[in-house]
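File shown: final-v8.cif. Contents: mmCIF, C-alpha atoms.
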data_target
loop_
_atom_site.label_atom_id
_atom_site.label_comp_id
_atom_site.auth_asym_id
_atom_site.auth_seq_id
_atom_site.Cartn_x
_atom_site.Cartn_y
_atom_site.Cartn_z
CA MET H 16 32.71 6.61 -3.52
CA THR H 17 29.01 7.25 -3.10
CA THR H 18 26.71 7.08 -6.11
CA ARG H 19 23.23 8.56 -6.17
CA THR H 20 20.49 6.22 -7.30
CA THR H 21 18.34 9.04 -8.60
CA ARG H 22 18.87 12.62 -9.54
CA THR H 23 16.26 15.32 -9.42
CA ILE H 24 16.97 17.74 -12.20
CA TYR H 25 15.59 21.26 -11.88
CA GLY H 26 16.20 24.41 -13.82
CA ARG H 27 18.13 23.31 -16.89
CA LEU H 28 15.54 20.69 -17.73
CA GLY H 29 12.72 22.89 -16.56
CA GLY H 30 12.47 25.39 -19.34
CA GLU H 31 15.49 27.39 -20.46
CA LEU H 32 16.63 24.78 -22.98
CA GLY H 33 13.41 24.80 -24.98
CA PRO H 34 12.51 21.85 -27.19
CA VAL H 35 15.57 19.68 -26.59
CA ARG H 36 15.18 15.94 -26.13
CA ASP H 37 16.04 14.53 -22.75
CA ALA H 38 18.45 12.02 -24.33
CA GLU H 39 20.54 14.89 -25.68
CA VAL H 40 20.69 16.71 -22.34
CA LEU H 41 21.53 13.55 -20.41
CA ARG H 42 24.33 12.54 -22.78
CA GLU H 43 25.77 15.84 -23.96
CA ASP H 44 25.23 18.18 -21.01
CA LEU H 45 25.18 15.88 -17.98
CA GLY H 46 27.59 13.16 -19.13
CA HIS H 47 25.18 10.25 -18.67
CA THR H 48 26.48 8.42 -21.72
CA GLY H 49 24.79 5.15 -20.79
CA THR H 50 21.66 6.65 -22.32
CA LYS H 51 22.11 5.80 -26.00
CA HIS H 52 21.02 7.47 -29.18
CA GLY H 53 19.34 4.76 -31.20
CA CYS H 54 16.61 5.17 -33.73
CA GLU H 55 15.50 8.59 -32.40
CA LEU H 56 11.92 7.46 -33.16
CA GLY H 57 11.02 5.51 -30.02
CA GLU H 58 11.25 2.13 -31.72
CA CYS H 59 14.48 0.57 -30.46
CA GLY H 60 14.39 1.31 -26.72
CA ALA H 61 18.12 2.09 -26.46
CA CYS H 62 17.40 5.46 -24.83
CA ALA H 63 15.17 4.16 -22.01
CA ILE H 64 15.49 5.87 -18.64
CA LEU H 65 13.28 5.91 -15.58
CA LEU H 66 11.24 9.03 -15.05
CA ASP H 67 9.63 9.01 -11.61
CA GLY H 68 10.24 5.25 -11.55
CA LYS H 69 8.61 4.48 -14.89
CA PRO H 70 10.46 3.54 -18.07
CA VAL H 71 10.27 6.18 -20.78
CA LEU H 72 12.07 6.61 -24.06
CA SER H 73 14.17 9.70 -23.59
CA CYS H 74 14.27 10.39 -27.33
CA LEU H 75 10.54 11.11 -27.13
CA VAL H 76 10.63 13.22 -23.95
CA LEU H 77 11.43 16.90 -24.05
CA ALA H 78 13.94 17.98 -21.45
CA LEU H 79 11.55 20.62 -20.12
CA GLU H 80 9.05 17.86 -19.27
CA CYS H 81 11.53 16.45 -16.74
CA GLY H 82 11.81 19.48 -14.50
CA GLY H 83 11.53 18.44 -10.86
CA LYS H 84 11.14 14.75 -11.67
CA GLN H 85 13.30 11.85 -10.58
CA VAL H 86 15.48 10.76 -13.49
CA LEU H 87 17.35 7.47 -13.25
CA THR H 88 19.91 6.38 -15.81
CA VAL H 89 22.13 3.31 -15.70
CA GLU H 90 24.82 5.44 -14.04
CA GLY H 91 22.64 5.65 -10.94
CA LEU H 92 21.80 1.96 -10.51
CA GLY H 93 24.64 1.06 -8.17
CA GLU H 94 25.15 2.35 -4.66
CA ASP H 95 28.25 3.14 -2.65
CA GLY H 96 30.57 2.16 -5.48
CA HIS H 97 28.96 -1.28 -5.93
CA LEU H 98 27.12 -2.51 -8.97
CA HIS H 99 23.41 -3.27 -8.73
CA PRO H 100 22.72 -7.04 -8.66
CA LEU H 101 21.25 -6.71 -12.16
CA GLN H 102 24.54 -5.26 -13.43
CA ASP H 103 26.52 -8.04 -11.73
CA ALA H 104 24.31 -10.74 -13.22
CA PHE H 105 24.45 -9.24 -16.71
CA ALA H 106 28.26 -9.20 -16.54
CA ASP H 107 28.56 -12.71 -15.05
CA LEU H 108 26.18 -14.36 -17.51
CA GLY H 109 27.17 -12.61 -20.72
CA ALA H 110 23.87 -10.78 -21.05
CA ALA H 111 25.73 -7.70 -22.26
CA GLN H 112 27.56 -8.53 -25.46
CA CYS H 113 28.07 -5.36 -27.48
CA GLY H 114 26.48 -3.43 -24.60
CA TYR H 115 24.59 -0.88 -26.65
CA CYS H 116 21.12 -1.92 -25.46
CA THR H 117 22.22 -2.97 -21.97
CA PRO H 118 21.78 0.32 -20.06
CA ALA H 119 18.20 0.69 -21.25
CA ILE H 120 17.36 -2.94 -20.50
CA LEU H 121 18.86 -2.63 -17.02
CA VAL H 122 16.76 0.39 -16.04
CA THR H 123 13.65 -1.12 -17.63
CA VAL H 124 14.09 -4.32 -15.65
CA LYS H 125 14.78 -2.34 -12.47
CA ALA H 126 11.38 -0.70 -12.89
CA LEU H 127 9.82 -4.14 -13.31
CA LEU H 128 11.51 -5.46 -10.16
CA ASP H 129 10.46 -2.39 -8.19
CA GLN H 130 6.83 -3.25 -9.06
CA ASN H 131 7.15 -7.05 -9.06
CA PRO H 132 10.14 -8.45 -7.18
CA ARG H 133 9.59 -12.00 -8.49
CA PRO H 134 8.53 -11.76 -12.12
CA THR H 135 7.99 -14.76 -14.34
CA ARG H 136 9.97 -15.12 -17.54
CA ASP H 137 6.89 -14.03 -19.48
CA GLN H 138 6.65 -10.88 -17.36
CA ILE H 139 10.34 -10.16 -17.97
CA ARG H 140 9.81 -10.73 -21.70
CA GLU H 141 6.87 -8.33 -21.70
CA ALA H 142 8.76 -5.67 -19.72
CA ILE H 143 11.68 -5.59 -22.14
CA SER H 144 9.62 -6.07 -25.29
CA GLY H 145 10.39 -2.50 -26.31
CA ASN H 146 14.17 -2.96 -25.94
CA LEU H 147 15.76 -4.38 -29.06
CA CYS H 148 18.91 -6.50 -28.75
CA ARG H 149 20.60 -7.92 -31.80
CA CYS H 150 23.42 -9.78 -30.03
CA THR H 151 22.18 -12.03 -27.25
CA GLY H 152 18.98 -13.60 -28.51
CA TYR H 153 17.53 -12.59 -25.11
CA LEU H 154 18.15 -15.94 -23.35
CA GLN H 155 21.15 -14.59 -21.44
CA ILE H 156 19.15 -11.49 -20.55
CA PHE H 157 16.29 -13.56 -19.10
CA GLU H 158 18.75 -15.74 -17.17
CA ALA H 159 20.60 -12.70 -15.83
CA VAL H 160 17.37 -11.11 -14.60
CA GLU H 161 16.33 -14.37 -12.93
CA THR H 162 19.76 -14.66 -11.30
CA ALA H 163 19.55 -11.08 -10.06
CA VAL H 164 16.09 -11.75 -8.61
CA LEU H 165 17.56 -14.64 -6.59
CA LYS H 166 20.46 -12.49 -5.39
CA ILE H 167 18.18 -9.61 -4.41
CA THR H 168 15.89 -12.03 -2.58
CA GLU H 169 18.90 -13.44 -0.68
CA GLN H 170 20.09 -9.93 0.22
CA ASP H 171 16.63 -8.95 1.43
CA SER H 172 16.35 -12.13 3.51
CA SER H 173 19.74 -11.65 5.17
CA ALA H 174 18.96 -7.98 5.90
CA THR H 175 15.86 -8.86 7.95
#
Output the file's structure as structure tokens, nothing else.
Amino acid sequence: MTTRTTRTIYGRLGGELGPVRDAEVLREDLGHTGTKHGCELGECGACAILLDGKPVLSCLVLALECGGKQVLTVEGLGEDGHLHPLQDAFADLGAAQCGYCTPAILVTVKALLDQNPRPTRDQIREAISGNLCRCTGYLQIFEAVETAVLKITEQDSSAT
């Protein structure tokens, strides 16, 4: 099974829907249910997606603003039927307890790692500062990100 890492969405998000939030289109129309409805005010971070590689809160983005842009949700993180190292680390280290905030944190951290492949804990903390989690206390999240960084570094080293 091959999974796309990104999806360019034209047409439906480009105008005919009018003022519909991207979170609604992703969840209801496209079946990307990893994108969560949270506060609907841009305060909790549960709806974070990557838009052209940058984290955005999809509850604050109109669908028509996304026309022709790269949209990445948690469903697109893995490749070829395999989980992304971040997803593996979150599962292995218990960084996803109830799981509600996890998809948004995963894509937010992916954006961080795309810009900075070896972030410090403070940089990780800053990157996910807009993603609220009431279950983990964040320690497991930090440890999972650090574990994923090591795994990604190992994979990159063995590939060269």
Atomic distance atom CA of Ser173 of chain H - atom CA of Ala126 of chain H, expressed in Å with one decimal: 22.7 Å
Point-to-point distance from atom CA of Leu72 of chain H to atom CA of Val122 of chain H, Å rounded to tenths: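 Interatomic distance, atom CA of Leu72 of chain H to atom CA of Val122 of chain H: 11.2 Å.
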Expected residue set, 7 Å radius at (14.2, 6.6, -27.5), all atoms listed in the file, as number ranges by chain: H: 53-63, 72-75
All residues 12 Å or closer to Val164 of chain H, all atoms listed in the file, same chain fewer than 5 positions away omitted, as an mmCIF file with C-alpha atoms, in the coordinates of the input:
data_model
loop_
_atom_site.group_PDB
_atom_site.id
_atom_site.type_symbol
_atom_site.label_atom_id
_atom_site.label_comp_id
_atom_site.auth_asym_id
_atom_site.auth_seq_id
_atom_site.Cartn_x
_atom_site.Cartn_y
_atom_site.Cartn_z
ATOM 1 C CA HIS H 99 23.410 -3.270 -8.730
ATOM 2 C CA PRO H 100 22.720 -7.040 -8.660
ATOM 3 C CA LEU H 101 21.250 -6.710 -12.160
ATOM 4 C CA GLN H 102 24.540 -5.260 -13.430
ATOM 5 C CA ASP H 103 26.520 -8.040 -11.730
ATOM 6 C CA ALA H 104 24.310 -10.740 -13.220
ATOM 7 C CA PHE H 105 24.450 -9.240 -16.710
ATOM 8 C CA VAL H 124 14.090 -4.320 -15.650
ATOM 9 C CA LYS H 125 14.780 -2.340 -12.470
ATOM 10 C CA LEU H 127 9.820 -4.140 -13.310
ATOM 11 C CA LEU H 128 11.510 -5.460 -10.160
ATOM 12 C CA ASP H 129 10.460 -2.390 -8.190
ATOM 13 C CA ASN H 131 7.150 -7.050 -9.060
ATOM 14 C CA PRO H 132 10.140 -8.450 -7.180
ATOM 15 C CA ARG H 133 9.590 -12.000 -8.490
ATOM 16 C CA PRO H 134 8.530 -11.760 -12.120
ATOM 17 C CA THR H 135 7.990 -14.760 -14.340
ATOM 18 C CA ARG H 136 9.970 -15.120 -17.540
ATOM 19 C CA ILE H 139 10.340 -10.160 -17.970
ATOM 20 C CA PHE H 157 16.290 -13.560 -19.100
ATOM 21 C CA GLU H 158 18.750 -15.740 -17.170
ATOM 22 C CA ALA H 159 20.600 -12.700 -15.830
ATOM 23 C CA GLU H 169 18.900 -13.440 -0.680
ATOM 24 C CA GLN H 170 20.090 -9.930 0.220
ATOM 25 C CA ASP H 171 16.630 -8.950 1.430
#
Enumerate, as a compact mmCIF listing (two decimals) with C-alpha atoms, keeping the file's coordinate frame, the residues matched when the PyMOL selection byres ((chain H and resi 155) around 9) is run on the file above.
# COMPACT_ATOMS: atom_id res chain seq x y z
CA PHE H 105 24.45 -9.24 -16.71
CA LEU H 108 26.18 -14.36 -17.51
CA GLY H 109 27.17 -12.61 -20.72
CA ALA H 110 23.87 -10.78 -21.05
CA ALA H 111 25.73 -7.70 -22.26
CA THR H 151 22.18 -12.03 -27.25
CA GLY H 152 18.98 -13.60 -28.51
CA TYR H 153 17.53 -12.59 -25.11
CA LEU H 154 18.15 -15.94 -23.35
CA ILE H 156 19.15 -11.49 -20.55
CA PHE H 157 16.29 -13.56 -19.10
CA GLU H 158 18.75 -15.74 -17.17
CA ALA H 159 20.60 -12.70 -15.83
CA VAL H 160 17.37 -11.11 -14.60
Atom-to-atom span, atom CA of Glu90 of chain H and atom CA of Gly49 of chain H, Å: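 Taking atom CA of Glu90 of chain H as the start and atom CA of Gly49 of chain H as the end point, the length is 6.8 Å.
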Taking all atoms of segment 52-69 of chain H that appear in the file, build a box with edges along x, y and z, extend it by 5 Å on every side, and state its centre and edge lengths in Å to one decimal, as lines of an AutoDock Vina configuration file.
center_x = 14.8
center_y = 4.8
center_z = -22.6
size_x = 22.4
size_y = 18.5
size_z = 32.2
Given the PyMOL selection byres ((chain H and resi 118) around 7) and the file above, list the residues it selects as a short mmCIF file (atom, residue, chain, number, x, y, z; two decimals) with C-alpha atoms, in the frame of the given file.
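Produced file out.cif, reproduced below:
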data_model
loop_
_atom_site.label_atom_id
_atom_site.label_comp_id
_atom_site.auth_asym_id
_atom_site.auth_seq_id
_atom_site.Cartn_x
_atom_site.Cartn_y
_atom_site.Cartn_z
CA GLY H 49 24.79 5.15 -20.79
CA THR H 50 21.66 6.65 -22.32
CA VAL H 89 22.13 3.31 -15.70
CA CYS H 116 21.12 -1.92 -25.46
CA THR H 117 22.22 -2.97 -21.97
CA ALA H 119 18.20 0.69 -21.25
CA ILE H 120 17.36 -2.94 -20.50
CA LEU H 121 18.86 -2.63 -17.02
CA VAL H 122 16.76 0.39 -16.04
#
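Residue nearest Asp67 of chain H within the list H:Gln138, H:Gln112, H:Thr168, H:Thr88: H:Thr88 [criterion: smallest interatomic distance, all atoms listed in the file].
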Output check: residues returned by the PyMOL selection byres ((chain H and resi 68) around 8), as a list in words: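 With the shown file as input, the PyMOL selection byres ((chain H and resi 68) around 8) matches Leu65, Leu66, Asp67, Lys69, Pro70, Gln85, Val86, Leu87 and Ala126 of chain H.
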Please write the residues from the selection above to a file, keeping C-alpha atoms, as a short mmCIF file (atom, residue, chain, number, x, y, z; two decimals), keeping the file's coordinate frame.
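Dumped everything to part_10.cif:
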data_model
loop_
_atom_site.label_atom_id
_atom_site.label_comp_id
_atom_site.auth_asym_id
_atom_site.auth_seq_id
_atom_site.Cartn_x
_atom_site.Cartn_y
_atom_site.Cartn_z
CA LEU H 65 13.28 5.91 -15.58
CA LEU H 66 11.24 9.03 -15.05
CA ASP H 67 9.63 9.01 -11.61
CA LYS H 69 8.61 4.48 -14.89
CA PRO H 70 10.46 3.54 -18.07
CA GLN H 85 13.30 11.85 -10.58
CA VAL H 86 15.48 10.76 -13.49
CA LEU H 87 17.35 7.47 -13.25
CA ALA H 126 11.38 -0.70 -12.89
#
Could you add the missing atoms to segment 119-130 of chain H, up to N, CA, C and O atoms, and return them as a JSON list (two decimals), in the coordinates of the input?
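Saved file selection32.json follows:
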[["chain", "number", "residue", "atom", "x", "y", "z"],
["H", 119, "ALA", "N", 19.65, 0.53, -21.19],
["H", 119, "ALA", "CA", 18.20, 0.69, -21.25],
["H", 119, "ALA", "C", 17.47, -0.53, -20.71],
["H", 119, "ALA", "O", 16.46, -0.41, -20.01],
["H", 120, "ILE", "N", 17.98, -1.72, -21.02],
["H", 120, "ILE", "CA", 17.36, -2.94, -20.50],
["H", 120, "ILE", "C", 17.50, -2.98, -18.99],
["H", 120, "ILE", "O", 16.55, -3.34, -18.27],
["H", 121, "LEU", "N", 18.65, -2.61, -18.47],
["H", 121, "LEU", "CA", 18.86, -2.63, -17.02],
["H", 121, "LEU", "C", 17.87, -1.72, -16.29],
["H", 121, "LEU", "O", 17.27, -2.14, -15.29],
["H", 122, "VAL", "N", 17.69, -0.49, -16.75],
["H", 122, "VAL", "CA", 16.76, 0.39, -16.04],
["H", 122, "VAL", "C", 15.32, -0.06, -16.23],
["H", 122, "VAL", "O", 14.51, 0.06, -15.30],
["H", 123, "THR", "N", 15.01, -0.62, -17.39],
["H", 123, "THR", "CA", 13.65, -1.12, -17.63],
["H", 123, "THR", "C", 13.34, -2.28, -16.70],
["H", 123, "THR", "O", 12.26, -2.35, -16.10],
["H", 124, "VAL", "N", 14.29, -3.18, -16.54],
["H", 124, "VAL", "CA", 14.09, -4.32, -15.65],
["H", 124, "VAL", "C", 14.05, -3.87, -14.19],
["H", 124, "VAL", "O", 13.30, -4.41, -13.39],
["H", 125, "LYS", "N", 14.85, -2.86, -13.85],
["H", 125, "LYS", "CA", 14.78, -2.34, -12.47],
["H", 125, "LYS", "C", 13.37, -1.86, -12.16],
["H", 125, "LYS", "O", 12.85, -2.12, -11.08],
["H", 126, "ALA", "N", 12.76, -1.16, -13.11],
["H", 126, "ALA", "CA", 11.38, -0.70, -12.89],
["H", 126, "ALA", "C", 10.45, -1.88, -12.70],
["H", 126, "ALA", "O", 9.56, -1.84, -11.84],
["H", 127, "LEU", "N", 10.63, -2.93, -13.48],
["H", 127, "LEU", "CA", 9.82, -4.14, -13.31],
["H", 127, "LEU", "C", 10.00, -4.72, -11.91],
["H", 127, "LEU", "O", 9.02, -5.02, -11.22],
["H", 128, "LEU", "N", 11.25, -4.86, -11.48],
["H", 128, "LEU", "CA", 11.51, -5.46, -10.16],
["H", 128, "LEU", "C", 11.02, -4.59, -9.02],
["H", 128, "LEU", "O", 10.65, -5.10, -7.96],
["H", 129, "ASP", "N", 11.01, -3.29, -9.22],
["H", 129, "ASP", "CA", 10.46, -2.39, -8.19],
["H", 129, "ASP", "C", 8.96, -2.63, -8.02],
["H", 129, "ASP", "O", 8.43, -2.48, -6.92],
["H", 130, "GLN", "N", 8.27, -2.98, -9.10],
["H", 130, "GLN", "CA", 6.83, -3.25, -9.06],
["H", 130, "GLN", "C", 6.52, -4.70, -8.74],
["H", 130, "GLN", "O", 5.50, -5.01, -8.13]]
